[in-house]
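**Q** Before I ask anything, here is the structure I am working with.
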Amino acid sequence: SSSLPPMPFLSLCFGLQSKSHAYTFLGFGAIFATLAKFSWGCNILHSSPETFTRGFFREGGPTDEELVGASFATYGTAYGTTGDQVVKVKFSGGEPGYIATAAMMSALALTVLNHRESIKFEGGVMLPG
C-alpha cells in the first residue's frame, strides 16, 4: 500500500506599525469582506478602490516611481517529516505584484525543470487539503 505524504500546513504572520494601524486594517477588512458578499458591493469596490483601501489600490495601478521604490521580504520555514529536516529561507526583491511575481514564476519553472527527479509527487497539481 502506498502512503501519502503528510498534509502541508500553513501559518501566516505579519506586522503593522501600531495598534491603530491594526484596528484600521481590521476595519477596512471587515468593510471589504461585507461588501464582497454582494454583487452591488463588488460593483462599489470595483468603481472606487482607493476609497476602500485609503489610496493603497487605485484605478490605473502604481506609478513608475512607486514600482521602482517598492520592495518586499518574506521569510519561510519548512519542516520535514522528521525533526531534523528544517529549511529556512528568505525571499526578497523589488515590487512584489508586478515585477517580482514574474521572476518568482520563472525561478519556480526552472527549479521544476532542472530538479524534476527530486520531486517525489507524480503528476498533477498538489494542493493542501
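Residue numbering restarts at 1 in every chain; chains get A, B, ... in the order shown in the C-alpha cells, and ligands count up from 1 in that same order.
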For segment 11-21 of chain A, find every residue with an atom within 10 Å (counting only C-alpha atoms), except residues of its own chain fewer than 6 positions away, and show them as a PyMOL selection string.

**A** chain A and resi 27+74-76

**Q** Among segment 12-121 of chain A, which residues does DSSP mark as alpha helix (DSSP H) when it is run on the backbone? Keep the chain and numbering as in the structure and answer as a ChimeraX atom specification.

**A** /A:19-35,39-47,49-52,64-69,101-114

**Q** May I have the selected residues written with N, CA and C atoms, as a CSV table (one decimal), in the first residue's frame?

**A**
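That gives us again.csv:
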```
chain,number,residue,atom,x,y,z
A,19,LYS,N,-1.0,49.7,17.1
A,19,LYS,CA,-2.3,49.2,17.3
A,19,LYS,C,-3.4,49.9,16.4
A,20,SER,N,-3.2,51.2,16.3
A,20,SER,CA,-4.1,52.0,15.5
A,20,SER,C,-4.1,51.5,14.0
A,21,HIS,N,-2.9,51.2,13.5
A,21,HIS,CA,-2.8,50.6,12.1
A,21,HIS,C,-3.5,49.3,12.1
A,22,ALA,N,-3.4,48.5,13.1
A,22,ALA,CA,-4.0,47.2,13.2
A,22,ALA,C,-5.6,47.3,13.2
A,23,TYR,N,-6.1,48.2,14.0
A,23,TYR,CA,-7.5,48.5,14.0
A,23,TYR,C,-8.0,49.0,12.7
A,24,THR,N,-7.3,49.9,12.1
A,24,THR,CA,-7.7,50.4,10.8
A,24,THR,C,-7.7,49.2,9.8
A,25,PHE,N,-6.7,48.4,9.8
A,25,PHE,CA,-6.6,47.2,8.9
A,25,PHE,C,-7.8,46.3,9.1
A,26,LEU,N,-8.2,46.0,10.3
A,26,LEU,CA,-9.3,45.2,10.6
A,26,LEU,C,-10.6,45.8,10.2
A,27,GLY,N,-10.7,47.1,10.4
A,27,GLY,CA,-11.9,47.9,10.0
A,27,GLY,C,-12.2,47.8,8.5
A,28,PHE,N,-11.1,48.1,7.7
A,28,PHE,CA,-11.2,48.1,6.3
A,28,PHE,C,-11.5,46.7,5.8
A,29,GLY,N,-10.8,45.7,6.5
A,29,GLY,CA,-11.0,44.3,6.1
A,29,GLY,C,-12.5,43.9,6.3
A,30,ALA,N,-13.1,44.3,7.4
A,30,ALA,CA,-14.5,44.0,7.7
A,30,ALA,C,-15.4,44.6,6.7
A,31,ILE,N,-15.2,45.9,6.3
A,31,ILE,CA,-16.0,46.5,5.3
A,31,ILE,C,-15.8,45.8,3.9
A,32,PHE,N,-14.6,45.5,3.6
A,32,PHE,CA,-14.3,44.8,2.3
A,32,PHE,C,-15.0,43.5,2.3
A,33,ALA,N,-14.9,42.7,3.3
A,33,ALA,CA,-15.5,41.3,3.4
A,33,ALA,C,-17.0,41.4,3.3
A,34,THR,N,-17.6,42.4,3.9
A,34,THR,CA,-19.0,42.6,3.9
A,34,THR,C,-19.5,42.9,2.5
A,35,LEU,N,-18.9,43.9,1.9
A,35,LEU,CA,-19.2,44.4,0.5
A,35,LEU,C,-19.0,43.3,-0.5
A,39,SER,N,-23.3,41.4,-5.0
A,39,SER,CA,-22.9,41.9,-6.3
A,39,SER,C,-22.8,43.5,-6.3
A,40,TRP,N,-23.8,44.1,-5.7
A,40,TRP,CA,-23.8,45.6,-5.6
A,40,TRP,C,-22.5,46.1,-4.8
A,41,GLY,N,-22.1,45.3,-3.8
A,41,GLY,CA,-20.9,45.7,-3.1
A,41,GLY,C,-19.7,45.5,-3.9
A,42,CYS,N,-19.6,44.5,-4.7
A,42,CYS,CA,-18.5,44.3,-5.6
A,42,CYS,C,-18.4,45.4,-6.6
A,43,ASN,N,-19.6,45.9,-7.1
A,43,ASN,CA,-19.6,47.0,-8.0
A,43,ASN,C,-19.0,48.2,-7.4
A,44,ILE,N,-19.4,48.5,-6.1
A,44,ILE,CA,-18.9,49.7,-5.4
A,44,ILE,C,-17.4,49.5,-5.2
A,45,LEU,N,-16.9,48.4,-4.8
A,45,LEU,CA,-15.4,48.2,-4.6
A,45,LEU,C,-14.7,48.4,-5.9
A,46,HIS,N,-15.2,47.9,-7.0
A,46,HIS,CA,-14.5,48.0,-8.3
A,46,HIS,C,-14.5,49.4,-8.8
A,47,SER,N,-15.6,50.2,-8.5
A,47,SER,CA,-15.7,51.5,-9.1
A,47,SER,C,-14.8,52.5,-8.4
A,49,PRO,N,-11.8,51.8,-5.9
A,49,PRO,CA,-10.9,51.0,-5.0
A,49,PRO,C,-10.1,51.9,-4.0
A,50,GLU,N,-9.8,53.1,-4.4
A,50,GLU,CA,-9.0,54.0,-3.5
A,50,GLU,C,-9.8,54.3,-2.2
A,51,THR,N,-11.1,54.4,-2.3
A,51,THR,CA,-11.9,54.8,-1.2
A,51,THR,C,-11.8,53.7,-0.1
A,52,PHE,N,-11.8,52.5,-0.5
A,52,PHE,CA,-11.9,51.4,0.5
A,52,PHE,C,-10.5,50.8,0.8
A,64,ASP,N,5.3,54.6,-12.0
A,64,ASP,CA,6.6,54.0,-12.2
A,64,ASP,C,7.5,54.2,-11.0
A,65,GLU,N,7.4,55.4,-10.4
A,65,GLU,CA,8.2,55.7,-9.2
A,65,GLU,C,7.9,54.8,-8.0
A,66,GLU,N,6.6,54.5,-7.9
A,66,GLU,CA,6.2,53.5,-6.8
A,66,GLU,C,6.7,52.1,-7.1
A,67,LEU,N,6.7,51.7,-8.3
A,67,LEU,CA,7.2,50.4,-8.7
A,67,LEU,C,8.7,50.3,-8.4
A,68,VAL,N,9.4,51.3,-8.7
A,68,VAL,CA,10.9,51.3,-8.5
A,68,VAL,C,11.2,51.3,-7.0
A,69,GLY,N,10.4,52.1,-6.2
A,69,GLY,CA,10.7,52.2,-4.8
A,69,GLY,C,10.2,51.1,-3.9
A,101,THR,N,6.8,39.0,-9.2
A,101,THR,CA,6.0,37.8,-9.5
A,101,THR,C,6.5,37.1,-10.7
A,102,ALA,N,6.8,37.8,-11.7
A,102,ALA,CA,7.4,37.2,-13.0
A,102,ALA,C,8.7,36.5,-12.7
A,103,ALA,N,9.5,37.1,-11.9
A,103,ALA,CA,10.8,36.5,-11.5
A,103,ALA,C,10.6,35.2,-10.7
A,104,MET,N,9.6,35.3,-9.8
A,104,MET,CA,9.3,34.1,-8.9
A,104,MET,C,8.8,32.9,-9.8
A,105,MET,N,7.9,33.2,-10.7
A,105,MET,CA,7.3,32.2,-11.5
A,105,MET,C,8.4,31.6,-12.5
A,106,SER,N,9.3,32.4,-13.0
A,106,SER,CA,10.4,31.9,-13.8
A,106,SER,C,11.3,31.0,-13.0
A,107,ALA,N,11.7,31.5,-11.8
A,107,ALA,CA,12.5,30.7,-10.9
A,107,ALA,C,11.9,29.3,-10.5
A,108,LEU,N,10.6,29.4,-10.3
A,108,LEU,CA,9.9,28.1,-10.0
A,108,LEU,C,9.9,27.2,-11.2
A,109,ALA,N,9.6,27.7,-12.3
A,109,ALA,CA,9.6,26.8,-13.5
A,109,ALA,C,11.0,26.2,-13.8
A,110,LEU,N,12.1,27.0,-13.6
A,110,LEU,CA,13.4,26.5,-13.8
A,110,LEU,C,13.8,25.4,-12.7
A,111,THR,N,13.3,25.7,-11.5
A,111,THR,CA,13.5,24.7,-10.4
A,111,THR,C,12.9,23.4,-10.8
A,112,VAL,N,11.6,23.4,-11.2
A,112,VAL,CA,10.9,22.2,-11.5
A,112,VAL,C,11.6,21.5,-12.7
A,113,LEU,N,11.9,22.3,-13.7
A,113,LEU,CA,12.6,21.7,-14.9
A,113,LEU,C,13.9,21.1,-14.6
A,114,ASN,N,14.7,21.8,-13.8
A,114,ASN,CA,16.1,21.3,-13.5
A,114,ASN,C,16.2,20.2,-12.4
```

**Q** Calculated over only C-alpha atoms, which of the candidates A:Ser118, A:Ser92, A:Arg54, A:Gly97 has the smallest distance to Ala73 of chain A?

**A**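 Once distances to Ala73 of chain A are computed over only C-alpha atoms, the minimum belongs to A:Ser92.
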
**Q** If you run DSSP over the backbone, which residues in segment 31-127 of chain A end up strand (DSSP E or B)? Put them as a compact mmCIF listing (two decimals) with N, CA, C and O atoms, in the first residue's frame.

**A**
```
# COMPACT_ATOMS: atom_id res chain seq x y z
N PHE A 72 9.95 43.97 -0.95
CA PHE A 72 9.31 43.06 -0.02
C PHE A 72 10.34 42.09 0.52
O PHE A 72 11.40 41.90 -0.05
N ALA A 73 10.01 41.50 1.66
CA ALA A 73 10.81 40.41 2.24
C ALA A 73 9.83 39.45 2.89
O ALA A 73 8.94 39.86 3.63
N THR A 74 9.96 38.18 2.58
CA THR A 74 9.13 37.14 3.15
C THR A 74 10.03 36.03 3.67
O THR A 74 10.97 35.63 3.00
N TYR A 75 9.75 35.58 4.87
CA TYR A 75 10.54 34.53 5.48
C TYR A 75 9.70 33.26 5.55
O TYR A 75 8.52 33.32 5.88
N GLY A 76 10.32 32.14 5.26
CA GLY A 76 9.60 30.88 5.30
C GLY A 76 10.41 29.81 6.01
O GLY A 76 11.63 29.81 5.96
N THR A 77 9.71 28.93 6.69
CA THR A 77 10.34 27.79 7.35
C THR A 77 9.54 26.55 6.95
O THR A 77 8.31 26.54 7.07
N ALA A 78 10.22 25.55 6.46
CA ALA A 78 9.58 24.29 6.08
C ALA A 78 10.14 23.18 6.95
O ALA A 78 11.35 23.11 7.19
N TYR A 79 9.25 22.34 7.43
CA TYR A 79 9.64 21.22 8.29
C TYR A 79 9.37 19.92 7.56
O TYR A 79 8.32 19.74 6.95
N VAL A 86 14.69 20.68 8.46
CA VAL A 86 14.20 22.06 8.54
C VAL A 86 14.93 22.89 7.49
O VAL A 86 16.14 22.79 7.35
N VAL A 87 14.17 23.67 6.76
CA VAL A 87 14.75 24.58 5.79
C VAL A 87 14.18 25.97 6.07
O VAL A 87 12.97 26.14 6.17
N LYS A 88 15.06 26.96 6.20
CA LYS A 88 14.62 28.34 6.40
C LYS A 88 15.09 29.15 5.20
O LYS A 88 16.23 29.02 4.77
N VAL A 89 14.18 29.96 4.66
CA VAL A 89 14.52 30.78 3.50
C VAL A 89 14.01 32.19 3.69
O VAL A 89 13.10 32.45 4.47
N LYS A 90 14.63 33.10 2.96
CA LYS A 90 14.17 34.49 2.89
C LYS A 90 14.00 34.82 1.42
O LYS A 90 14.92 34.65 0.63
N PHE A 91 12.81 35.26 1.07
CA PHE A 91 12.54 35.73 -0.28
C PHE A 91 12.47 37.24 -0.20
O PHE A 91 11.74 37.78 0.62
N SER A 92 13.23 37.91 -1.03
CA SER A 92 13.16 39.37 -1.04
C SER A 92 13.41 39.87 -2.45
O SER A 92 14.00 39.17 -3.27
N GLY A 93 12.93 41.04 -2.70
CA GLY A 93 13.13 41.59 -4.03
C GLY A 93 12.40 42.90 -4.21
O GLY A 93 11.99 43.55 -3.25
```

**Q** Quick one: pull the distance between atom CA of Phe38 of chain A and atom CA of Gly60 of chain A, Å, one decimal.

**A**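 Value for the atom CA of Phe38 of chain A-atom CA of Gly60 of chain A distance: 24.1 Å.
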
**Q** Can you measure atom CA of Ser71 of chain A to atom CA of Thr53 of chain A for me? One decimal in Å is fine.

**A**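 Computing it gives 19.2 Å between the two atoms.
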